[in-house]
Amino acid sequence: MELREKVDGLPTEPGVYLFKDAAETILYVGKARSLRSRVKSYFLESHWVDAKTGSLVREIADLDYIVVDNEKEALALENNLIKRHKPKFNILLRDDKTYPYIRYTAFEKYPRVYVTRRLNKDGSIYFGPYFPARLAYSLVHLIHKHFLVPSCTVDLTRHHPRPCLQYYIHRCLGPCVEALVTDERYAEAARDVRLLLEGRRSDLSRSLEERMQRASEEQRYEEAGGYRDLLRTLAEMEERQKIAAASGDDTDVLAWYAEPPQVAVNLFHLRGGRVVDRRDFYWEDLDEFDPAEFLPSLLKQLYLDAAYLPRYIHTPRVSGFVLANPELKDDFDDRALLEEVLTEAAGHRVEILNPQRGQKHAFLELVENNAKHSFTQRFRVLRPSSKTIADALESALSLPEPPKRIESFDISHIQGSDTVASMVVWEDGKMKKSAYRKFIIRGEAMPEGSEKSLGILRDDFASMREAVERRYRRLQEESKPMPSLILIDGGIGQLHAAAAALDELEIINQPMASIAKKEEILYVLGREDEPVVLERHSPVLHLIQQIRDETHRFAVTFHRQRRSSRRLRTALTEIPGIGDRTAQKLLRRFGSVTRLRQLTLDELAAELPRAQAQRVFDGLRQGGNGGG
């Protein structure tokens, strides 16, 4: 069936349409009150309001559609399909920061807590989002420290011979080892954690006060003091927490600065009248920037799936006229429908406003100025401050804190020969060359069944595992701290090999990520199903690339040195009667085989016994130019 015939046969009901190219790739996803009318409008050149629409129509080879009952369903389905397929003609949300939740694994016998940025239907209970993001990590740290409920990845369905480090530093009750903790004691701690996360502070405080009193009466004063300190900490955190249950005149203020094809957006979160955090978004390929299209696309992707919705969303004006309504609602496409859908989801009225005067308008202008500053920092400033980059890296990789030290690993070899590994260090904003390390891979971590011949290792994963294990075993023996982040040059396989090394050393909760060489995709350990794709202008990507490239350079240089040294030694040691010690002595004295070939017999005899010097003199000339 011809495309135009297919368009003429579309139903008039509401639904979602998907334009495809000749390769069946989805180009664009849109929604419509009437599918037939909306889709037909694309093929009328008089309706092409910009070059983007014309480019889209010229690529359309086919279309699909989905009929739904009403516009609300169409709105939700459109948003889901855009996020799933990421069509190139849709405006896609590129988020440098998503706010974290705390995951409580209620389905486990020994529940644990994790900071996560993705909600899955796995039987866990999720609390959040948390504003600012670091609050989630602070809260989980408090849970580890005071309630001893961990965030580990240890298999708790079976017992292990000994606990990990977290038990010994009093951050875990040790349910992984038989008889370290009773089921009743762990269940009590898990209940306390759940009360804390649910915001039932009065119930938790009452329980803690009873335990404090009981411990005091039984003269367990240190334990009673711990309960007292915990009660104080909980009271302080109550003031700082801004979670999903927050109430009051909460407002999100959104503004942008655009110099197409580059756009920067700032989103400020006000909770209880105070700015608690902000989010930054960037686009670098919006050749056609139409605020009337951009704003509704952005709002849908931001709020339709949000767990918490503010009462007010303030945005810049996109239409060319001002309404008489003093609240000044901007009538862009789907504003009323979006308000209705968000109000139903939130359980309270949600309004999208464009303030034109007073304090609210002044704050909107402030956010617009911040968006312009963000644009300049991202697209014009070549070297943002190290603190800015570290903060951005913390957000992009969901790290517990801005990284102060990054240790990066790479493997180098040629067809398995002379395998070496390198480790470079980034610390406090710059490369720290004095801390670089080299590893000659011995093959100790070779998995059973891998090839190993004449000391030549043929397994990249095993090589990475060996290098990482040797490095951090040494740190353990020397009682030195772990880095803020371990970076692996490679994909998921190399990442898991490095993680296996840390498992062997019983090092848990260590932030680790890898960067794939060609795709420039970052995989974060524990969130491999959520790869991080950064824009090419991102300072975080630039930093990761800088560290990765330096690691690769250091590894390749070391490998060449090893290979060259082996070749030189071979040219000498193949001469009968000349061993490694003599070869090394000559190379240290004269520097290269080429230089040795230029020596006279008398010059060689000044360094070696006459007979041995004669053998070297004759052997190098018989060997021709090989090995030089």
# chains A, B, ... in the order shown; residues from 1 in each chain; ligands from 1
call {"tool": "closest_atom_pairs", "arguments": {"of": "stretch 189-262 of chain A", "to": "stretch 351-362 of chain A", "cutoff": "10 Å", "atoms": "only C-alpha atoms", "output": "JSON lines"}}
result
{"residue": "A:Thr251", "atom": "CA", "partner": "A:Glu351", "partner_atom": "CA", "distance": 9.6}
{"residue": "A:Asp252", "atom": "CA", "partner": "A:Ile352", "partner_atom": "CA", "distance": 9.5}
{"residue": "A:Val253", "atom": "CA", "partner": "A:Lys360", "partner_atom": "CA", "distance": 9.2}
call {"tool": "select_by_dssp", "arguments": {"residues": "stretch 35-115 of chain A", "states": "strand (DSSP E)", "output": "list in words"}}
result
Asp62, Leu63, Asp64, Tyr65, Ile66, Val67, Tyr101, Ile102, Arg103, Tyr104, Val113, Tyr114 and Val115 of chain A
call {"tool": "atom_distance", "arguments": {"atom1": "atom CA of A:Gly579", "atom2": "atom CA of A:Val420"}}
result
24.4 Å
call {"tool": "residues_around", "arguments": {"residues": "A:Asp410", "least_positions_apart": "4", "cutoff": "7 Å", "atoms": "only C-alpha atoms", "output": "PyMOL selection string"}}
result
chain A and resi 421-423+488-489+551-552+555
call {"tool": "residues_around", "arguments": {"residues": "stretch 597-603 of chain A", "least_positions_apart": "2", "cutoff": "9 Å", "atoms": "only C-alpha atoms", "output": "list in words"}}
result
Ser592, Val593, Thr594, Arg595, Ala605, Ala606, Glu607, Arg610, Ala613, Gln614, Val616, Phe617, Leu620 and Arg621 of chain A
call {"tool": "closest_residue", "arguments": {"among": "A:Phe127, A:Tyr137, A:Phe590, A:Tyr282", "to": "A:Glu394", "atoms": "only C-alpha atoms"}}
result
A:Tyr137
call {"tool": "closest_residue", "arguments": {"among": "A:Gly273, A:Asp249, A:Asp333, A:Tyr186", "to": "A:Pro310", "atoms": "only C-alpha atoms"}}
result
A:Asp249
call {"tool": "residues_around", "arguments": {"residues": "A:Arg349", "least_positions_apart": "4", "cutoff": "10 Å", "atoms": "only C-alpha atoms", "output": "ChimeraX atom specification"}}
result
/A:309-312,339-340,342-345
call {"tool": "write_last_selection", "arguments": {"atoms": "N, CA and C atoms", "output": "PDB file, in the first residue's frame"}}
result
ATOM      1  N   LEU A 309       5.612  15.602  42.074  1.00  0.00           N
ATOM      2  CA  LEU A 309       5.271  16.748  41.235  1.00  0.00           C
ATOM      3  C   LEU A 309       5.019  17.978  42.098  1.00  0.00           C
ATOM      4  N   PRO A 310       5.619  19.114  41.750  1.00  0.00           N
ATOM      5  CA  PRO A 310       5.368  20.347  42.506  1.00  0.00           C
ATOM      6  C   PRO A 310       3.987  20.902  42.171  1.00  0.00           C
ATOM      7  N   ARG A 311       3.566  21.885  42.945  1.00  0.00           N
ATOM      8  CA  ARG A 311       2.266  22.509  42.672  1.00  0.00           C
ATOM      9  C   ARG A 311       2.350  23.492  41.504  1.00  0.00           C
ATOM     10  N   TYR A 312       3.523  24.093  41.308  1.00  0.00           N
ATOM     11  CA  TYR A 312       3.659  25.098  40.258  1.00  0.00           C
ATOM     12  C   TYR A 312       4.902  24.819  39.427  1.00  0.00           C
ATOM     13  N   GLU A 339      -1.518  19.821  32.269  1.00  0.00           N
ATOM     14  CA  GLU A 339      -1.915  20.183  33.633  1.00  0.00           C
ATOM     15  C   GLU A 339      -2.906  19.177  34.198  1.00  0.00           C
ATOM     16  N   GLU A 340      -3.856  18.779  33.392  1.00  0.00           N
ATOM     17  CA  GLU A 340      -4.885  17.842  33.858  1.00  0.00           C
ATOM     18  C   GLU A 340      -4.272  16.489  34.202  1.00  0.00           C
ATOM     19  N   LEU A 342      -1.096  15.800  34.953  1.00  0.00           N
ATOM     20  CA  LEU A 342      -0.196  15.908  36.106  1.00  0.00           C
ATOM     21  C   LEU A 342      -0.973  16.079  37.399  1.00  0.00           C
ATOM     22  N   THR A 343      -2.083  16.803  37.351  1.00  0.00           N
ATOM     23  CA  THR A 343      -2.918  16.981  38.542  1.00  0.00           C
ATOM     24  C   THR A 343      -3.473  15.641  39.010  1.00  0.00           C
ATOM     25  N   GLU A 344      -3.932  14.828  38.077  1.00  0.00           N
ATOM     26  CA  GLU A 344      -4.449  13.503  38.440  1.00  0.00           C
ATOM     27  C   GLU A 344      -3.348  12.632  39.043  1.00  0.00           C
ATOM     28  N   ALA A 345      -2.154  12.708  38.470  1.00  0.00           N
ATOM     29  CA  ALA A 345      -1.048  11.879  38.967  1.00  0.00           C
ATOM     30  C   ALA A 345      -0.573  12.338  40.337  1.00  0.00           C
TER      31      ALA A 345
END
call {"tool": "atom_distance", "arguments": {"atom1": "atom CA of A:Pro296", "atom2": "atom CA of A:Lys121"}}
result
28.5 Å
call {"tool": "closest_residue", "arguments": {"among": "A:Thr182, A:Ala23, A:Gln561, A:Leu337", "to": "A:Glu73", "atoms": "only C-alpha atoms"}}
result
A:Leu337
call {"tool": "atom_distance", "arguments": {"atom1": "atom CA of A:Ala190", "atom2": "atom CA of A:Tyr168"}}
result
19.5 Å
call {"tool": "select_by_dssp", "arguments": {"residues": "stretch 29-258 of chain A", "states": "alpha helix (DSSP H)", "output": "ChimeraX atom specification"}}
result
/A:35-42,51-59,71-85,134-142,165-168,183-197,201-217,221-240
call {"tool": "closest_residue", "arguments": {"among": "A:Leu505, A:Ile66, A:Leu139, A:Leu204", "to": "A:Pro163", "atoms": "only C-alpha atoms"}}
result
A:Leu505
call {"tool": "residues_around", "arguments": {"residues": "A:Met431", "least_positions_apart": "4", "cutoff": "12 Å", "atoms": "only C-alpha atoms", "output": "MDAnalysis selection string"}}
result
chainID A and resid 386 404:408 423:427 435:436 543:544 546:551
